[in-house]
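Undergrad: Attaching a single structure in structure tokens format; questions to follow.
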Amino acid sequence: MPATPAWPPRSAPRLFVGQRLEDGASLAIEGAQAHYLGKVMRAGPGDAVILCDNQTGEWLARVAHAGKRDMMLTLERQLRPLEAVPDLWLCPALLKKQAFDWVLEKATELGTSQIRPVITRRCVADKLNAERAATIVTEAAEQCARTALPGLFDPVKLDAMLRDWPTGRALFFADEQGGAPAAAAFAAHKGPAALLIGPEGGFDEAERAAIRAHPAAHAITLGPRILRGETAAVAGLGLWMGVAGDWAAA
């Protein structure tokens, strides 16, 4: 006797929506999301769609109506509650567009709770397209089955970030000139944390001194090689998740 196929199927499309979800609700999908479901994923009446609202968690819905430019979905049941995200902020200096897009995507996949871009003296960019960044983060969350989106903030200058740093949150500073081994430093700290990553040219000496003088800062090293900004961000996040985050219990 053939096995009963899993429901919903693993191939069911996933979407984040702005409406709070609840049992039995109906939801109209329009625009780019309707195009994605109907034209790209070929979803039709009766097909499963996985929805997340960044408030209550993950839900199973079915396509009730599929039009040329819109769809109507009906919620059936909740699949998972909103996930508990490890309390780690990523504070990456702005990079060139393609490299920073990659940081946004991978930081979301790795599970950071907030992305707080920083502007330093050697940054090659001083602005971030907020709409584009939000799209990258949302699509990455959909792809990796997150139920909660990371907080995404506007870029701030380094001195402003240091001035307004919250009490009680450790600031791990990836210093290319050396520091404590990152894995040991991460494992030894319990509580809220953040990871600060520099730009392509690194921090200048005045910035490095200001960071090291901050009471929350912990200078760390990510190994014997000097890493590109995007590589350091991903390496540091992965290491933190492995020794202090939710990978440690996986």
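Chain labels A, B, ... are given in the sequence in which chains occur in the structure tokens; within each chain residues are numbered consecutively from 1, and ligands are likewise numbered from 1 in the order shown.
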Could you name the residues that touch Glu176 in chain A at 7 Å or less, counting only C-alpha atoms, but leaving out those on the same chain fewer than 2 positions away, as an mmCIF file with N, CA and C atoms, in the first residue's frame?

TA:
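So the final result, stored in out-v5.cif, reads:
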```cif
data_model
loop_
_atom_site.group_PDB
_atom_site.id
_atom_site.type_symbol
_atom_site.label_atom_id
_atom_site.label_comp_id
_atom_site.auth_asym_id
_atom_site.auth_seq_id
_atom_site.Cartn_x
_atom_site.Cartn_y
_atom_site.Cartn_z
ATOM 1 N N ALA A 174 34.968 42.440 15.983
ATOM 2 C CA ALA A 174 35.891 41.633 15.184
ATOM 3 C C ALA A 174 37.046 42.528 14.731
ATOM 4 N N GLY A 178 43.613 41.743 16.178
ATOM 5 C CA GLY A 178 43.690 40.721 17.209
ATOM 6 C C GLY A 178 42.770 40.962 18.384
ATOM 7 N N THR A 221 39.079 37.830 17.726
ATOM 8 C CA THR A 221 39.676 37.490 16.448
ATOM 9 C C THR A 221 38.906 36.340 15.818
ATOM 10 N N ILE A 226 42.988 37.670 7.415
ATOM 11 C CA ILE A 226 42.141 38.854 7.331
ATOM 12 C C ILE A 226 40.991 38.544 6.374
#
```

Undergrad: How would you write, as a VMD selection string, the set of residues in range 25-204 of chain A that DSSP gives as strand (DSSP E or B)?

TA: chain A and resid 26 to 30 48 to 52 57 to 66 70 to 81 88 to 93 114 to 115 118 to 119 151 to 152 156 to 157 170 to 174 180 to 181 193 to 197

Undergrad: For Ile119 in chain A, list every protein, DNA or RNA residue within 9 Å, evaluated using only C-alpha atoms, and leave out those in the same chain fewer than 6 positions away; present the list as a list of chain:residue names.

TA: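 Answer for this query is A:Pro92, A:Ala93, A:Leu94, A:Ala125, A:Asp126, A:Lys127, A:Pro155, A:Val156, A:Lys157, A:Leu158, A:Pro199.
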
Undergrad: Report as a Markdown table: every residue of range 94-170 of chain A with an atom at most 12 Å from range 49-71 of chain A, its closest pair of atoms, and their distance in Å to one decimal, counting only C-alpha atoms, with rows sorted by chain and ascending residue number.

TA:
```
| residue | atom | partner | partner_atom | distance |
| --- | --- | --- | --- | --- |
| A:Thr138 | CA | A:Asn54 | CA | 10.3 |
| A:Glu139 | CA | A:Cys52 | CA | 12.0 |
| A:Ala141 | CA | A:Cys52 | CA | 9.9 |
| A:Glu142 | CA | A:Cys52 | CA | 8.6 |
| A:Gln143 | CA | A:Ile50 | CA | 11.5 |
| A:Ala145 | CA | A:Glu58 | CA | 9.1 |
| A:Arg146 | CA | A:Cys52 | CA | 8.6 |
| A:Thr147 | CA | A:Gly57 | CA | 5.3 |
| A:Ala148 | CA | A:Asn54 | CA | 4.8 |
| A:Leu149 | CA | A:Asn54 | CA | 6.1 |
| A:Pro150 | CA | A:Asn54 | CA | 9.3 |
| A:Gly151 | CA | A:Asn54 | CA | 10.5 |
```

Undergrad: Since we have the selection now, will you write its residues out, keeping N, CA and C atoms, as a compact mmCIF listing (two decimals), in the first residue's frame?

TA:
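Result file is again22.txt:
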```
# COMPACT_ATOMS: atom_id res chain seq x y z
N THR A 138 13.17 39.37 3.64
CA THR A 138 11.92 38.59 3.64
C THR A 138 12.05 37.34 2.78
N GLU A 139 12.62 37.48 1.59
CA GLU A 139 12.78 36.31 0.71
C GLU A 139 13.72 35.29 1.33
N ALA A 141 14.10 34.79 4.56
CA ALA A 141 13.35 34.16 5.65
C ALA A 141 12.38 33.12 5.11
N GLU A 142 11.75 33.43 3.99
CA GLU A 142 10.84 32.47 3.37
C GLU A 142 11.60 31.23 2.92
N GLN A 143 12.76 31.42 2.33
CA GLN A 143 13.54 30.30 1.80
C GLN A 143 14.02 29.38 2.91
N ALA A 145 12.72 29.01 5.95
CA ALA A 145 11.62 28.59 6.85
C ALA A 145 11.67 29.25 8.22
N ARG A 146 12.12 30.50 8.27
CA ARG A 146 11.97 31.26 9.50
C ARG A 146 10.51 31.65 9.66
N THR A 147 10.07 31.77 10.91
CA THR A 147 8.72 32.28 11.17
C THR A 147 8.76 33.72 11.67
N ALA A 148 9.96 34.23 11.97
CA ALA A 148 10.13 35.59 12.47
C ALA A 148 11.18 36.30 11.63
N LEU A 149 10.87 37.49 11.18
CA LEU A 149 11.83 38.28 10.41
C LEU A 149 12.80 38.97 11.36
N PRO A 150 14.06 39.10 10.96
CA PRO A 150 14.96 39.92 11.78
C PRO A 150 14.59 41.38 11.69
N GLY A 151 14.79 42.11 12.78
CA GLY A 151 14.60 43.54 12.72
C GLY A 151 15.64 44.16 11.79
```

Undergrad: Pick out the residues sitting within 10 Å of Lys106 in chain A, and hand them over as an MDAnalysis selection string; count only C-alpha atoms, and ignore anything fewer than 6 positions along from it in its own chain.

TA: chainID A and resid 100 112 136:137 140:141 144 230 233:234 237:238

Undergrad: Using only C-alpha atoms, which protein or nucleic acid residues come within 7 Å of Ala193 in chain A? Drop anything in the same chain fewer than 4 positions from it, and give the result as number ranges by chain.

TA: A: 87-89, 169-171

Undergrad: Mind writing the picked residues with N, CA, C and O atoms as a PDB file, in the first residue's frame?

TA:
```pdb
ATOM      1  N   ASP A  87      19.175  36.089  20.834  1.00  0.00           N
ATOM      2  CA  ASP A  87      19.289  37.537  20.989  1.00  0.00           C
ATOM      3  C   ASP A  87      20.678  38.022  20.579  1.00  0.00           C
ATOM      4  O   ASP A  87      21.483  38.465  21.405  1.00  0.00           O
ATOM      5  N   LEU A  88      20.940  37.946  19.286  1.00  0.00           N
ATOM      6  CA  LEU A  88      22.199  38.425  18.730  1.00  0.00           C
ATOM      7  C   LEU A  88      21.923  39.441  17.635  1.00  0.00           C
ATOM      8  O   LEU A  88      21.211  39.144  16.669  1.00  0.00           O
ATOM      9  N   TRP A  89      22.497  40.625  17.779  1.00  0.00           N
ATOM     10  CA  TRP A  89      22.426  41.638  16.733  1.00  0.00           C
ATOM     11  C   TRP A  89      23.658  41.527  15.842  1.00  0.00           C
ATOM     12  O   TRP A  89      24.756  41.259  16.334  1.00  0.00           O
ATOM     13  N   ARG A 169      24.263  44.844  26.965  1.00  0.00           N
ATOM     14  CA  ARG A 169      24.451  44.071  25.730  1.00  0.00           C
ATOM     15  C   ARG A 169      25.928  44.086  25.350  1.00  0.00           C
ATOM     16  O   ARG A 169      26.502  45.149  25.092  1.00  0.00           O
ATOM     17  N   ALA A 170      26.535  42.915  25.309  1.00  0.00           N
ATOM     18  CA  ALA A 170      27.943  42.806  24.936  1.00  0.00           C
ATOM     19  C   ALA A 170      28.126  43.158  23.466  1.00  0.00           C
ATOM     20  O   ALA A 170      27.305  42.790  22.620  1.00  0.00           O
ATOM     21  N   LEU A 171      29.215  43.870  23.169  1.00  0.00           N
ATOM     22  CA  LEU A 171      29.538  44.248  21.802  1.00  0.00           C
ATOM     23  C   LEU A 171      30.835  43.540  21.397  1.00  0.00           C
ATOM     24  O   LEU A 171      31.929  43.982  21.756  1.00  0.00           O
TER      25      LEU A 171
END
```

Undergrad: How far is it from CA of Thr108 in chain A to CA of Pro86 in chain A, in Å with one decimal?

TA: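 Calculated distance between CA of Thr108 in chain A and CA of Pro86 in chain A is 11.9 Å.
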
Undergrad: Using only C-alpha atoms, which protein or nucleic acid residues come within 10 Å of Ala99 in chain A? Drop anything in the same chain fewer than 3 positions from it, and give the result as a PyMOL selection string.

TA: chain A and resi 94-96+102-104+228-231

Undergrad: When you count only C-alpha atoms, which of these residues is closest to Val85 in chain A: A:Gly236, A:Gly202, A:Gly111, A:Gly44?

TA: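 Once distances to Val85 in chain A are computed over only C-alpha atoms, the minimum belongs to A:Gly111.
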
Undergrad: Between CA of Ala134 in chain A and CA of Leu227 in chain A, what is the distance, to one decimal in Å?

TA: 25.9 Å
